[in-house]
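Chemist: The structure file entry.csv (CSV, C-alpha atoms) is provided below.
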```
chain,number,residue,atom,x,y,z
A,1,MET,CA,11.7,-15.6,8.8
A,2,LYS,CA,11.5,-12.5,6.7
A,3,GLY,CA,15.1,-11.7,7.6
A,4,ASP,CA,16.2,-15.2,6.6
A,5,GLY,CA,14.5,-14.6,3.2
A,6,VAL,CA,16.4,-11.4,2.7
A,7,ARG,CA,19.7,-13.0,3.5
A,8,VAL,CA,19.0,-15.8,1.1
A,9,ALA,CA,18.2,-13.3,-1.6
A,10,ILE,CA,21.4,-11.4,-1.0
A,11,ASN,CA,23.4,-14.6,-1.0
A,12,LEU,CA,21.9,-15.7,-4.2
A,13,LYS,CA,22.5,-12.3,-5.8
A,14,SER,CA,26.2,-12.4,-4.6
A,15,TYR,CA,26.6,-15.9,-6.0
A,16,THR,CA,25.0,-14.8,-9.3
A,17,MET,CA,27.3,-11.8,-9.6
A,18,ASN,CA,30.4,-13.9,-8.8
A,19,ILE,CA,29.5,-16.3,-11.6
A,20,GLN,CA,29.0,-13.4,-14.0
A,21,THR,CA,32.3,-11.9,-12.9
A,22,LEU,CA,34.1,-15.2,-13.6
A,23,GLY,CA,32.4,-15.3,-17.0
A,24,LEU,CA,33.6,-11.8,-17.8
A,25,MET,CA,37.2,-12.6,-16.7
A,26,ALA,CA,37.2,-15.8,-18.9
A,27,GLY,CA,35.8,-13.9,-21.8
A,28,MET,CA,38.5,-11.2,-21.6
A,29,PHE,CA,41.3,-13.8,-21.2
A,30,PHE,CA,40.2,-15.9,-24.2
A,31,ALA,CA,39.8,-12.7,-26.3
A,32,GLY,CA,43.5,-12.0,-25.7
A,33,ILE,CA,44.5,-15.5,-26.5
A,34,GLY,CA,42.5,-15.3,-29.7
A,35,LEU,CA,44.2,-12.2,-30.9
A,36,GLY,CA,47.7,-13.6,-30.2
A,37,TRP,CA,46.8,-16.8,-32.0
A,38,SER,CA,45.4,-15.0,-35.0
A,39,LEU,CA,48.5,-12.8,-35.3
A,40,HIS,CA,50.6,-15.9,-35.4
A,41,THR,CA,48.6,-18.2,-37.7
A,42,GLN,CA,46.3,-16.1,-39.9
A,43,VAL,CA,48.7,-13.7,-41.5
A,44,PRO,CA,50.3,-15.1,-44.7
A,45,PRO,CA,54.2,-15.1,-44.5
A,46,GLU,CA,54.5,-12.7,-47.4
A,47,ASN,CA,52.1,-10.2,-45.7
A,48,HIS,CA,53.4,-10.1,-42.1
A,49,ILE,CA,52.3,-6.9,-40.3
A,50,PRO,CA,55.2,-4.8,-38.9
A,51,ALA,CA,56.3,-5.9,-35.4
A,52,ARG,CA,55.5,-2.4,-33.9
A,53,THR,CA,51.9,-2.7,-35.3
A,54,ALA,CA,51.5,-6.1,-33.8
A,55,ALA,CA,52.8,-4.9,-30.5
A,56,ASP,CA,50.4,-1.9,-30.6
A,57,TYR,CA,47.5,-4.3,-31.3
A,58,LEU,CA,48.4,-6.5,-28.3
A,59,HIS,CA,48.9,-3.5,-26.1
A,60,ALA,CA,45.5,-2.2,-26.9
A,61,VAL,CA,43.8,-5.5,-26.0
A,62,ILE,CA,45.9,-6.0,-22.8
A,63,GLU,CA,45.2,-2.5,-21.5
A,64,ALA,CA,41.5,-2.7,-22.3
A,65,ASP,CA,41.2,-6.0,-20.5
A,66,ARG,CA,43.1,-4.8,-17.4
A,67,THR,CA,41.4,-1.5,-17.2
A,68,PHE,CA,38.0,-3.2,-17.5
A,69,TYR,CA,39.0,-5.7,-14.8
A,70,THR,CA,40.2,-3.1,-12.5
A,71,GLN,CA,37.4,-0.6,-12.8
A,72,HIS,CA,34.4,-2.7,-13.4
A,73,ILE,CA,35.2,-5.9,-11.5
A,74,VAL,CA,37.7,-5.3,-8.7
A,75,GLU,CA,36.5,-1.8,-7.7
A,76,ARG,CA,32.8,-2.6,-8.2
A,77,MET,CA,32.9,-5.9,-6.2
A,78,GLU,CA,34.8,-4.2,-3.4
A,79,ALA,CA,32.4,-1.2,-3.3
A,80,MET,CA,29.4,-3.7,-3.0
A,81,LEU,CA,31.2,-5.6,-0.2
A,82,ILE,CA,31.0,-8.8,-2.2
A,83,VAL,CA,34.7,-9.7,-2.5
A,84,THR,CA,38.0,-7.9,-2.3
A,85,ALA,CA,41.3,-8.3,-4.2
A,86,SER,CA,44.5,-9.2,-2.4
A,87,GLU,CA,48.0,-10.4,-3.0
A,88,ASP,CA,47.4,-13.8,-1.5
A,89,TRP,CA,44.3,-14.3,-3.6
A,90,VAL,CA,44.6,-18.1,-4.0
A,91,LYS,CA,44.7,-18.9,-0.2
A,92,GLU,CA,42.3,-16.1,0.8
A,93,LYS,CA,39.9,-16.9,-2.1
A,94,THR,CA,39.7,-13.3,-3.2
A,95,LEU,CA,40.1,-11.7,-6.6
A,96,PRO,CA,43.7,-11.3,-7.9
A,97,LEU,CA,45.1,-7.8,-8.0
A,98,PRO,CA,45.1,-6.2,-11.5
A,99,VAL,CA,48.9,-6.8,-11.8
A,100,GLN,CA,48.4,-10.5,-10.8
A,101,PHE,CA,45.6,-10.8,-13.3
A,102,LEU,CA,48.0,-9.6,-16.0
A,103,ARG,CA,50.8,-11.9,-14.8
A,104,GLU,CA,48.7,-15.0,-14.7
A,105,ALA,CA,47.2,-14.3,-18.1
A,106,SER,CA,50.7,-13.9,-19.5
A,107,ARG,CA,51.9,-17.1,-17.9
A,108,SER,CA,48.9,-19.0,-19.3
A,109,LEU,CA,49.8,-17.8,-22.8
A,110,ARG,CA,53.4,-19.0,-22.4
A,111,VAL,CA,52.1,-22.4,-21.5
A,112,ARG,CA,50.2,-22.4,-24.7
A,113,ASP,CA,53.4,-21.5,-26.6
A,114,THR,CA,52.0,-18.3,-28.2
A,115,PRO,CA,54.7,-16.4,-30.1
A,116,PHE,CA,54.6,-13.1,-28.2
A,117,ARG,CA,55.4,-12.3,-24.6
A,118,TYR,CA,54.5,-9.5,-22.2
A,119,ARG,CA,55.1,-8.5,-18.6
A,120,LEU,CA,55.1,-5.5,-16.3
A,121,ILE,CA,58.4,-3.9,-15.0
A,122,SER,CA,59.0,-1.0,-12.7
A,123,PRO,CA,61.8,1.0,-11.1
A,124,TRP,CA,59.8,0.6,-7.9
A,125,PRO,CA,58.7,-3.1,-8.0
A,126,LEU,CA,56.7,-4.6,-5.1
A,127,ASN,CA,57.6,-8.0,-6.5
A,128,SER,CA,61.2,-8.9,-7.7
A,129,GLN,CA,59.6,-10.6,-10.8
A,130,ASN,CA,58.8,-7.1,-12.0
A,131,THR,CA,62.4,-5.9,-12.1
A,132,PRO,CA,64.0,-5.1,-15.5
A,133,VAL,CA,66.1,-8.1,-16.6
A,134,SER,CA,69.0,-6.3,-18.3
A,135,ASP,CA,70.9,-3.0,-18.4
A,136,GLN,CA,69.3,-2.2,-21.8
A,137,GLU,CA,65.8,-2.8,-20.3
A,138,HIS,CA,66.7,-0.6,-17.3
A,139,GLN,CA,67.7,2.3,-19.7
A,140,MET,CA,64.6,1.9,-21.8
A,141,LEU,CA,62.4,1.9,-18.7
A,142,ASP,CA,64.1,5.1,-17.5
A,143,GLN,CA,63.2,6.8,-20.7
A,144,VAL,CA,59.6,5.5,-20.5
A,145,VAL,CA,59.1,6.8,-17.0
A,146,LYS,CA,60.8,10.1,-17.7
A,147,PHE,CA,59.0,11.0,-20.9
A,148,GLY,CA,55.8,8.9,-20.7
A,149,GLU,CA,56.3,7.6,-24.3
A,150,VAL,CA,56.8,4.2,-25.9
A,151,VAL,CA,60.5,3.1,-26.2
A,152,GLU,CA,61.4,0.3,-28.6
A,153,GLY,CA,64.4,-1.8,-29.5
A,154,GLU,CA,65.6,-5.3,-30.4
A,155,ILE,CA,66.7,-8.1,-28.1
A,156,ARG,CA,67.9,-11.7,-28.3
A,157,ALA,CA,66.4,-14.3,-26.0
A,158,ASP,CA,66.3,-18.1,-26.2
A,159,HIS,CA,68.5,-17.9,-29.4
A,160,LYS,CA,65.8,-15.8,-31.1
A,161,ARG,CA,65.5,-12.1,-32.1
A,162,TYR,CA,62.5,-10.2,-30.6
A,163,PHE,CA,61.2,-6.7,-31.2
A,164,GLN,CA,60.7,-5.2,-27.8
A,165,ALA,CA,58.4,-2.3,-27.0
A,166,ILE,CA,58.0,-0.8,-23.5
A,167,TYR,CA,54.7,1.1,-23.0
A,168,PRO,CA,54.1,3.5,-20.1
A,169,ASP,CA,52.1,1.8,-17.4
A,170,ARG,CA,49.9,4.4,-15.8
A,171,ALA,CA,47.9,4.4,-12.6
A,172,VAL,CA,44.4,4.2,-14.1
A,173,SER,CA,42.5,3.7,-10.9
A,174,ARG,CA,42.6,4.7,-7.2
A,175,ALA,CA,43.0,1.0,-6.3
A,176,CYS,CA,46.4,1.0,-8.0
A,177,VAL,CA,47.5,4.1,-6.3
A,178,SER,CA,46.3,3.1,-2.9
A,179,CYS,CA,47.8,-0.3,-3.1
A,180,HIS,CA,51.3,0.9,-4.0
A,181,ASN,CA,51.3,3.9,-1.6
A,182,ALA,CA,50.2,1.8,1.4
A,183,HIS,CA,52.2,-1.4,0.7
A,184,ALA,CA,54.8,-2.1,3.4
A,185,GLU,CA,57.4,-3.2,0.8
A,186,SER,CA,56.8,-0.2,-1.6
A,187,PRO,CA,59.9,1.9,-2.3
A,188,LYS,CA,57.7,4.8,-3.5
A,189,ARG,CA,54.6,5.9,-1.8
A,190,ASP,CA,53.5,9.2,-3.4
A,191,PHE,CA,51.9,7.9,-6.6
A,192,LYS,CA,48.9,9.9,-8.0
A,193,LEU,CA,46.3,9.0,-10.6
A,194,ASN,CA,47.8,8.9,-14.2
A,195,ASP,CA,51.4,8.7,-12.9
A,196,VAL,CA,53.7,6.4,-14.8
A,197,MET,CA,54.3,3.5,-12.4
A,198,GLY,CA,56.5,1.5,-14.7
A,199,GLY,CA,56.3,-0.1,-18.1
A,200,LEU,CA,54.4,-2.9,-20.0
A,201,VAL,CA,56.9,-4.9,-22.0
A,202,ILE,CA,55.7,-6.6,-25.2
A,203,GLU,CA,58.0,-8.8,-27.2
A,204,VAL,CA,57.2,-10.0,-30.7
A,205,PRO,CA,59.5,-12.5,-32.5
A,206,LEU,CA,61.4,-11.3,-35.6
A,207,ASP,CA,62.7,-14.7,-36.7
```
As structure tokens, please, write out the structure in this file.
Modeler:
Amino acid sequence: MKGDGVRVAINLKSYTMNIQTLGLMAGMFFAGIGLGWSLHTQVPPENHIPARTAADYLHAVIEADRTFYTQHIVERMEAMLIVTASEDWVKEKTLPLPVQFLREASRSLRVRDTPFRYRLISPWPLNSQNTPVSDQEHQMLDQVVKFGEVVEGEIRADHKRYFQAIYPDRAVSRACVSCHNAHAESPKRDFKLNDVMGGLVIEVPLD
């Protein structure tokens, strides 16, 4: 009977932590949406902030959310043996990997017709969706990986002009490094902490 009581207490604790985790994820997600919406609707036309400044603001929010999710949710939940993160997170009822967390948040923002876009790209993608989409983007990404600095330019997409900035995407946790180095489909398996693993592309409309 005492053992049953302990198990119930552990299960309740795990359930409570899962609810708290979902709350944190939702809070981070809606904070990102709020920033994007405010950039689009609350700045008077005559006082638009520079596109690079807007991209920097978005990058700061995206990276803060992803880093927090990786270090304080994924890694902590796995260390406490509560739930893991996996590629097939929907079917396996696990947490999404950090890259999937970012991709799903970006997709949700597109559904809501926000004015900016963002995505991850890499010279060594595990998923074909993370491959650069043009020769220009390939060249910009090569510079980002080589020098570890932001590279910016202008593109046209959907008959509109966009300011495009590609920020270095660094391995901020051991979970990122371990996943890429151990993945069966990985074309590169010698990543170390703080290595540039690719780029975070942020596009802000100019028209």
Chemist: Write out as a ChimeraX atom specification the residues lying within 12 Å of Trp89 (chain A), counting all atoms listed in the file and excluding same-chain residues fewer than 4 positions away.
Modeler: /A:83-85,93-98,100-101,104
Chemist: Between CA of Tyr167 (chain A) and CA of Met77 (chain A), what distance in Å does the model show, to one decimal?
Modeler: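 Rounded to one decimal, the two atoms are 28.4 Å apart.
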Chemist: Counting only C-alpha atoms, write as a list in words all protein and nucleic acid residues lying at most 9 Å from (54.2, -5.3, -32.3) in the file's frame.
Modeler: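 Output of the proximity query reads Ile49, Pro50, Ala51, Arg52, Thr53, Ala54, Ala55, Asp56, Tyr57, Leu58, His59, Phe116, Phe163, Gln164, Ala165, Ile202, Glu203, Val204 and Pro205 of chain A.
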Chemist: Which neighbours of Val177 (chain A) fall inside 8 Å, counting only C-alpha atoms, when residues of the same chain fewer than 4 positions from it are skipped, and could you give them as a list in words?
Modeler: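 Non-adjacent residues within range: Ala171, Ser173, Asn181, Phe191, Lys192 and Leu193 of chain A.
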Chemist: Have a look at CA of Met140 (chain A) and CA of Thr114 (chain A) and let me know their distance in Å, one decimal.
Modeler: 24.7 Å
Chemist: Which one of A:Ala79, A:Ala175, A:Ala184, A:Leu206 sits closest to Tyr162 (chain A) if you count only C-alpha atoms?
Modeler: A:Leu206
Chemist: Could you tell me how far CA of Gln129 (chain A) sits from CA of Asp88 (chain A), in Å to one decimal place?
Modeler: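 Between CA of Asp88 (chain A) and CA of Gln129 (chain A) the gap is 15.7 Å.
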Chemist: Need the shell around Gly148 (chain A): protein/DNA/RNA residues with any atom at most 7 Å away, counting only C-alpha atoms. Skip same-chain ones fewer than 2 positions apart. Format as number ranges by chain?
Modeler: A: 144-146, 168, 196
Chemist: Could you tell me which of A:Val201, A:Ile121, A:Leu102, A:Cys176 comes closest to Val151 (chain A) if we count only C-alpha atoms?
Modeler: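 Of all the options, A:Val201 lies closest to Val151 (chain A).
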Chemist: Taking (64.0, -2.7, -18.8) in the file's own coordinates, collect the residues within 9 Å, counting all atoms listed in the file, and hand them back as a list in words.
Modeler: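 Residues satisfying the cut-off, written out: Ile121, Ser122, Pro123, Thr131, Pro132, Val133, Ser134, Asp135, Gln136, Glu137, His138, Gln139, Met140, Leu141, Asp142, Ile166, Gly199 and Val201 of chain A.
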